[in-house]
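Asker: One structure, as structure tokens, below. Some questions next.
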Amino acid sequence: MSNDIATTAYELVIGLEVHVELSTASKMFCRCSSDYFGQEPNTHTCPVCLGLPGALPVPNAKAIEGCIMIGLALNCEIALFSQFDRKHYYYPDLPKGYQISQYQHPFCAKGYIMLSNDKKIRIRRVHMEEDTGKLMHQDLDGRAVSLIDFNRSGVPLVEIVTEPDFENAEQVKEYLQKLQQIIRYLGVAAANPDKGEMRFEPNISVRKPGQTSLPDYKVEVKNINSFSFVERAINYELKRQSSILERGETPIQETRGWDEKRHITLGQRTKEEAMDYRYFPEPDIPPFQWQPEQIDALRKTLPELADAKKARFIQSYHITDYDAELLTRERGLADFFEETVKVGQQQGVEPKTIANVIINKKVDIDTTVPAELIKDIVVSRKIEAIDETALQAIVSEAITSNPKAVEDYKKGKTNAVMFLVGACMRQLKGKATPERVKELLVARLDAM
Amino acid sequence: MKLYELTITEARKGLQEKKFSSRELTSACLERMKAIEPKVHAFVTFTEEQALEQAQKADFLIESGDVRPLLGVPISIKDNFCTNGVRTTASSNVLRNFVPPYDATVVRRVTEAGAISLGKTNMDAFAHGSSTEASDFGPTRNPWNIERLPGGSSGGAAASVAADEAIAAVGSETAGSIRQPAAWCGVVGLKPTYGRVSRYGVIAMASSLDSPGPITKSVEDAALMLEVLAGHDPMDATTSPLPPKAYRKLLKEKRENLTIGISDDYFNGVDPEIVAAVQKSLQEFERLGHKVKKIKLFDPQYAIAVYTILQRSEVSSNLARYDGIRYGFGREAFGEEAQRRIMLGTYSLSAGYYDAYYAKAQKVRTLIVEDFAKAFEEVDVVIGPTSPSTALPVGSSKDHPMFGEISDVLVEPSTIAGLPGISMCCGFSSELLPISMQIIGPYFIEDLILNLAYQYEQVTDWSNRKPNL
């Protein structure tokens with residue numbers, strides 16, 4: 001296919017805008033519940049989030065804290081002076097005719113996320129805004145109508161904007177997974193893309209390999225609600241834009257929409273039709289002037305994030321890189337593991353054993369308590385103890401039939417015991433753990 | 001003296017001493033309204049039934065010894081304050097059928113203080129104007145001469161008080177909308193410091209300037225109303241956390257030897273009769289033991305430019321919500337003035353023009369703030385005429401898009417700075433129209449300007465005069 005030839009001749013330049021809905025109890029500028037998912041339309045509304053004449057926004061301190069926490073976790077600089085701005089556009093789901101957002105002075109800027117292989121993705125800004133209502137196009141008494149549900153109107157949104165640092169869809173995917181993980185670790189949002197709690201808008205362009213300047217156009221793709229659609233949209237755009245360039249033309253700067261049924265992007269709005277949002281400082285909300293101590297206090301409440309936790313697990317619990325990675329993917333699982341380790345310590349159960357059990361047996365951490373898990377591990381050992389004589393016989397046999405290994409061990413090559421463990425394990429066929437067998441062997445060898 | 005002619009202070013005394021009931025007082029006002037409204041047209045919505053019900057409740061409370069500050073006192077409310085269940089139009093066709101599901105904080109406060117609401121008063125549509133001629137429901141007339149304008153945008157509010165329909169009124173000012181109609185109607189108008197009184201539920205004109213405040217028959221009434229209205233509101237992030245003061249008590253404290261600043265630019269181009277009356281008032285203040293000192297403030301002409309840009313910009317944003325999807329009427333229902341302001345404001349906020357207009361106006365605004373701050377290092381208050389003219393003839397604002405800005409030139413600088421100011425009658429013109437002066441003070445020092453106004457009121461009798469309707 002000619003497309004394939006074209007794609008290899010170009011490289012991607014991608015920047016990403018991600019919107020995350022915070023899971024605060026109330027909305028961004030009023031006291032309505034922000035839990036709108038699956039609720040009866042227009043039941044979580046008030047004069048403020050309906051944008052009624054005279055209603056005024058009062059910012060939600062908890063949401064702003066959440067936004068700054070995200071900024072801190074993304075290594076951002078936190079602005080000591082910050083303010084909200086009005087962003088104007090007409091759309092039926094935007095009841096005030098403007099969205100309260102941040103333009104000139106976002107809460108956080110200039111951060112980064114490190115991907116594997118030391119790839120650094122720079123974060124341009126992290127700012128706070130409000131969500132819009134939702135349009136529902138449906139049939140009502142035989143008429144095609146558009147209805148508006150304002151339950152989502154005013155739900156706190158954090159927008160995270162990167163620099164155009166991504167070179168391929170895989171990096172974008174890794175970034176998104178990391179971002180989602182960080183946000184969930186902070187506990188400020190559920191960040192489920194399928195519920196619209198996390199939304200993606202990649203800015204995509206392509207250039208010749210070796211070109212260092214940015215392409216003089218970019219294509220923004222909207223309406224993407226899953227990680228895999230982001231990947232597909234990027235790869236689709238790579239092909240589409242490459243073939244345009246291949247023809248000697250330049251793709252037009254435009255906004256395209258992702259068609260999730262056909263897996264293609266479709267043109268929506270070109271540069272000429274680009275909106276002038278007429279931003280100006282929101283006069284209803286005084287600007288914010290933080291003291292450095294306030295930001296430091298927030299920084300101190302930051303939880304240990306996945307990367308740090310993983311390193312610590314490997315260091316303190318002597319588990320493998322792979323196990324540590326799996327155990328720290330979600331904060332809940334990592335916490336469960338650590339609690340279990342604490343209980344296990346008193347019962348002589350090794351962290352490594354616990355890690356194995358949790359990962360291999362796919363323990364459901366929502367229904368299991370750590371003490372229970374440790375009890376199960378200890379009980380399963382006692383089952384081995386019933387067969388103690390058989391086990392001792394196998395151990396004895398291994399020692400007598402492998403004099404060379406025994407001799408090596410006695411000479412100080414303690415590793416030689418592993419050879420004996422292996423010999424026993426072959427006989428045991430999984431009826432005892434290697435740790436247990438090693439314990440028995442060492443006891444016997446040391447007594448010899 | 002008729003019951004409807006009473007001040008709040010007098011009405012309260014009579015009610016508490018059981019000389020008359022709130023029902024009698026309210027009925028007297030309602031009858032007065034019936035007689036006067038065809039001439040003055042101060043109201044756009046009447047709440048007669050609700051008023052009589054509230055009066056009955058008030059009488060019951062008075063009987064039980066309740067002494068809350070406005071208990072049983074009938075007042076009017078400007079139609080840009082949302083009233084739960086009562087139509088609120090801002091005198092615009094866009095909202096002609098809008099019935100809010102909630103009360104503005106100010107409405108809640110006066111209701112909790114026991115006030116009786118007689119109805120909603122006429123205004124320039126969306127408060128865009130200084131004549132009340134720009135109302136989509138027809139102009140209000142000046143009670144002193146019904147061929148004259150009442151001023152605006154709180155023209156209905158000021159006329160309702162001057163014509164003795166309401167004992168007092170709740171109005172709002174963006175630049176002059178309380179002080180200028182109060183001046184033209186010869187009543188007391190107090191524009192508090194920005195952030196002193198909550199804007200929650202006030203249909204926004206220019207959010208960074210809007211200040212609700214009282215229009216009353218006496219200075220003491222203004223102090224009492226401010227006690228009710230002022231204070232932090234958790235629903236308005238721009239309200240000050242400073243606690244309000246005991247304005248009535250502070251009114252009667254002896255404040256002597258104050259320095260009053262006057263700036264020549266505030267007398268330029270002003271009707272000579274007004275200049276003479278204000279100068280006579282200044283002599284009165286000197287007799288009261290105060291000093292008058294010449295100072296140099298920025299020419300108020302600069303404020304017109306700044307105000308026009310900032311206000312139009314905010315208007316274009318605030319009116320964006322009337323998109324035709326809700327409230328029943330589309331954007332074509334906006335009057336000419338609103339359309340003009342939306343276009344100008346949209347332009348001044350547009351990419352490429354923002355820096356030249358909006359951003360620059362904000363810079364000049366800061367200079368005006370500093371100019372006043374400097375002045376208040378030298379003087380305690382600033383006094384000048386409220387308006388360059390007395391009430392102009394009906395029809396004057398037509399075909400004059402800058403009518404408001406010109407007639408509000410003397411209140412715009414202090415408005416832009418967010419300072420408090422009070423307007424009160426200080427004489428009458430040869431045409432028997434009220435002449436008024438304003439006293440401007442530093443931030444949150446409403447008690448001082450009220451105190452000075454009260455001192456002046458005690459030694460003059462302008463406020464006792466009534467229009468012949």
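Ligands are numbered from 1 in the order shown, residues from 1 within each chain, and chains are lettered A, B, ... in the order they appear in the structure tokens.
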Using DSSP on the backbone, list every residue of range 61-229 of chain B that comes out as strand (DSSP E), and give them as an MDAnalysis selection string.
Answerer: chainID B and resid 74:78 116:121 168:173 188:191 211:216
Asker: Save the residues we just selected, N, CA and C atoms, as a PDB file, in the first residue's frame?
Answerer:
```pdb
ATOM      1  N   PRO B  74     -42.850  49.350  54.165  1.00  0.00           N
ATOM      2  CA  PRO B  74     -42.998  49.043  52.731  1.00  0.00           C
ATOM      3  C   PRO B  74     -41.895  49.706  51.890  1.00  0.00           C
ATOM      4  N   ILE B  75     -41.238  48.906  51.084  1.00  0.00           N
ATOM      5  CA  ILE B  75     -40.166  49.424  50.233  1.00  0.00           C
ATOM      6  C   ILE B  75     -40.354  48.922  48.791  1.00  0.00           C
ATOM      7  N   SER B  76     -39.589  49.512  47.878  1.00  0.00           N
ATOM      8  CA  SER B  76     -39.621  49.037  46.491  1.00  0.00           C
ATOM      9  C   SER B  76     -38.270  48.412  46.160  1.00  0.00           C
ATOM     10  N   ILE B  77     -38.300  47.507  45.185  1.00  0.00           N
ATOM     11  CA  ILE B  77     -37.065  46.817  44.798  1.00  0.00           C
ATOM     12  C   ILE B  77     -36.849  46.967  43.302  1.00  0.00           C
ATOM     13  N   LYS B  78     -35.675  47.414  42.938  1.00  0.00           N
ATOM     14  CA  LYS B  78     -35.337  47.604  41.522  1.00  0.00           C
ATOM     15  C   LYS B  78     -35.475  46.262  40.796  1.00  0.00           C
ATOM     16  N   ILE B 116     -41.534  45.056  53.757  1.00  0.00           N
ATOM     17  CA  ILE B 116     -42.657  44.666  52.906  1.00  0.00           C
ATOM     18  C   ILE B 116     -42.300  45.116  51.499  1.00  0.00           C
ATOM     19  N   SER B 117     -42.418  44.207  50.517  1.00  0.00           N
ATOM     20  CA  SER B 117     -42.094  44.596  49.146  1.00  0.00           C
ATOM     21  C   SER B 117     -43.357  44.995  48.389  1.00  0.00           C
ATOM     22  N   LEU B 118     -43.354  46.248  47.916  1.00  0.00           N
ATOM     23  CA  LEU B 118     -44.516  46.764  47.188  1.00  0.00           C
ATOM     24  C   LEU B 118     -44.489  46.362  45.725  1.00  0.00           C
ATOM     25  N   GLY B 119     -43.293  46.145  45.188  1.00  0.00           N
ATOM     26  CA  GLY B 119     -43.184  45.796  43.775  1.00  0.00           C
ATOM     27  C   GLY B 119     -41.789  46.073  43.259  1.00  0.00           C
ATOM     28  N   LYS B 120     -41.656  45.874  41.943  1.00  0.00           N
ATOM     29  CA  LYS B 120     -40.352  45.998  41.300  1.00  0.00           C
ATOM     30  C   LYS B 120     -40.332  47.281  40.480  1.00  0.00           C
ATOM     31  N   THR B 121     -39.245  48.041  40.626  1.00  0.00           N
ATOM     32  CA  THR B 121     -39.212  49.358  39.986  1.00  0.00           C
ATOM     33  C   THR B 121     -38.533  49.348  38.616  1.00  0.00           C
ATOM     34  N   ALA B 168     -38.856  53.543  51.202  1.00  0.00           N
ATOM     35  CA  ALA B 168     -37.448  53.531  50.781  1.00  0.00           C
ATOM     36  C   ALA B 168     -37.338  52.584  49.595  1.00  0.00           C
ATOM     37  N   ALA B 169     -36.158  52.564  48.967  1.00  0.00           N
ATOM     38  CA  ALA B 169     -35.981  51.716  47.792  1.00  0.00           C
ATOM     39  C   ALA B 169     -34.620  51.035  47.823  1.00  0.00           C
ATOM     40  N   VAL B 170     -34.595  49.844  47.215  1.00  0.00           N
ATOM     41  CA  VAL B 170     -33.316  49.189  46.972  1.00  0.00           C
ATOM     42  C   VAL B 170     -32.965  49.432  45.508  1.00  0.00           C
ATOM     43  N   GLY B 171     -31.789  49.987  45.279  1.00  0.00           N
ATOM     44  CA  GLY B 171     -31.341  50.243  43.916  1.00  0.00           C
ATOM     45  C   GLY B 171     -29.978  49.627  43.694  1.00  0.00           C
ATOM     46  N   SER B 172     -29.412  49.901  42.541  1.00  0.00           N
ATOM     47  CA  SER B 172     -28.055  49.421  42.293  1.00  0.00           C
ATOM     48  C   SER B 172     -27.347  50.412  41.396  1.00  0.00           C
ATOM     49  N   GLU B 173     -26.036  50.505  41.578  1.00  0.00           N
ATOM     50  CA  GLU B 173     -25.262  51.453  40.791  1.00  0.00           C
ATOM     51  C   GLU B 173     -24.085  50.739  40.136  1.00  0.00           C
ATOM     52  N   VAL B 188     -32.016  60.833  48.919  1.00  0.00           N
ATOM     53  CA  VAL B 188     -30.679  60.396  49.320  1.00  0.00           C
ATOM     54  C   VAL B 188     -30.339  59.081  48.607  1.00  0.00           C
ATOM     55  N   GLY B 189     -29.178  59.038  47.977  1.00  0.00           N
ATOM     56  CA  GLY B 189     -28.743  57.806  47.311  1.00  0.00           C
ATOM     57  C   GLY B 189     -27.358  57.428  47.779  1.00  0.00           C
ATOM     58  N   LEU B 190     -27.210  56.229  48.288  1.00  0.00           N
ATOM     59  CA  LEU B 190     -25.903  55.793  48.802  1.00  0.00           C
ATOM     60  C   LEU B 190     -25.362  54.659  47.957  1.00  0.00           C
ATOM     61  N   LYS B 191     -24.195  54.897  47.352  1.00  0.00           N
ATOM     62  CA  LYS B 191     -23.494  53.834  46.637  1.00  0.00           C
ATOM     63  C   LYS B 191     -22.383  53.350  47.555  1.00  0.00           C
ATOM     64  N   SER B 211     -22.780  47.794  42.321  1.00  0.00           N
ATOM     65  CA  SER B 211     -22.887  47.946  43.778  1.00  0.00           C
ATOM     66  C   SER B 211     -24.332  48.231  44.162  1.00  0.00           C
ATOM     67  N   PRO B 212     -25.005  47.285  44.805  1.00  0.00           N
ATOM     68  CA  PRO B 212     -26.363  47.565  45.276  1.00  0.00           C
ATOM     69  C   PRO B 212     -26.315  48.552  46.445  1.00  0.00           C
ATOM     70  N   GLY B 213     -27.388  49.329  46.595  1.00  0.00           N
ATOM     71  CA  GLY B 213     -27.424  50.296  47.692  1.00  0.00           C
ATOM     72  C   GLY B 213     -28.804  50.891  47.844  1.00  0.00           C
ATOM     73  N   PRO B 214     -29.009  51.675  48.917  1.00  0.00           N
ATOM     74  CA  PRO B 214     -30.338  52.207  49.196  1.00  0.00           C
ATOM     75  C   PRO B 214     -30.597  53.590  48.590  1.00  0.00           C
ATOM     76  N   ILE B 215     -31.867  53.863  48.320  1.00  0.00           N
ATOM     77  CA  ILE B 215     -32.332  55.212  47.997  1.00  0.00           C
ATOM     78  C   ILE B 215     -33.409  55.525  49.034  1.00  0.00           C
ATOM     79  N   THR B 216     -33.216  56.628  49.765  1.00  0.00           N
ATOM     80  CA  THR B 216     -34.071  56.900  50.924  1.00  0.00           C
ATOM     81  C   THR B 216     -34.471  58.366  51.008  1.00  0.00           C
TER      82      THR B 216
END
```
Asker: Quick one: residues within 9 Å of range 282-285 of chain A, only C-alpha atoms, excluding same-chain residues fewer than 5 positions away - as JSON, numbers by chain?
Answerer: {"A": [56, 57, 58, 59, 83, 84, 85, 86, 100, 101], "B": [206, 207, 208, 236, 237, 238, 314]}
Asker: How many Å separate CA of Leu179 in chain A from CA of Ser116 in chain A?
Answerer: 13.4 Å
Asker: What lies within 7 Å of range 249-264 of chain B using only C-alpha atoms, ignoring chain neighbours under 2 positions off, as a list in words?
Answerer: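 Counting only C-alpha atoms, the residues come to Ala246, Tyr247, Tyr266, Phe267, Asn268, Gly289, His290, Lys291, Val292, Lys293, Lys294, Ile295, Lys296, Leu297, Val379, Asp380, Val381, Val382, Ile383, Gly384, Asp447, Leu450, Asn451 and Tyr454 of chain B.
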Asker: Which residues of chain A are close to chain B, meaning at most 8 Å apart when you count only C-alpha atoms, and how do they look as a list of chain:residue names?
Answerer: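 Selected residues: A:Pro47, A:Gly51, A:Pro53, A:Gly54, A:Ala55, A:Leu56, A:Pro57, A:Val58, A:Pro59, A:His88, A:Tyr90, A:Pro92, A:Pro95, A:Lys96, A:Gly97, A:Tyr98, A:Asp276, A:Tyr277, A:Arg278, A:Tyr279, A:Phe280, A:Pro283, A:Asp284, A:Ile285, A:Pro286.
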Asker: Could you tell me how far CA of Pro215 in chain A lies from CA of Asn117 in chain A, in Å and to one decimal?
Answerer: 25.4 Å
Asker: Please extract the residues of range 22-242 of chain B with a backbone DSSP assignment of alpha helix (DSSP H) and present them as JSON, numbers by chain.
Answerer: {"B": [22, 23, 24, 25, 26, 27, 28, 29, 30, 31, 32, 33, 34, 35, 36, 37, 38, 39, 40, 48, 49, 50, 51, 52, 53, 54, 55, 56, 57, 58, 59, 60, 61, 62, 63, 105, 106, 107, 108, 109, 110, 111, 112, 155, 156, 157, 158, 159, 160, 161, 162, 179, 180, 181, 182, 183, 184, 185, 219, 220, 221, 222, 223, 224, 225, 226, 227, 228, 229]}
Asker: Each residue of range 33-117 of chain A lying at most 10 Å from range 302-317 of chain A should get a row with its shortest atom-to-atom pair and the distance in Å to one decimal, counting only C-alpha atoms; could you produce that, ordered by chain and increasing number, as a tab-separated table?
Answerer:
```
residue	atom	partner	partner_atom	distance
A:Met69	CA	A:Leu302	CA	7.0
A:Ile70	CA	A:Leu302	CA	9.3
A:Leu72	CA	A:Leu302	CA	8.0
A:Ala73	CA	A:Leu302	CA	7.4
A:Met114	CA	A:Asp307	CA	9.9
```
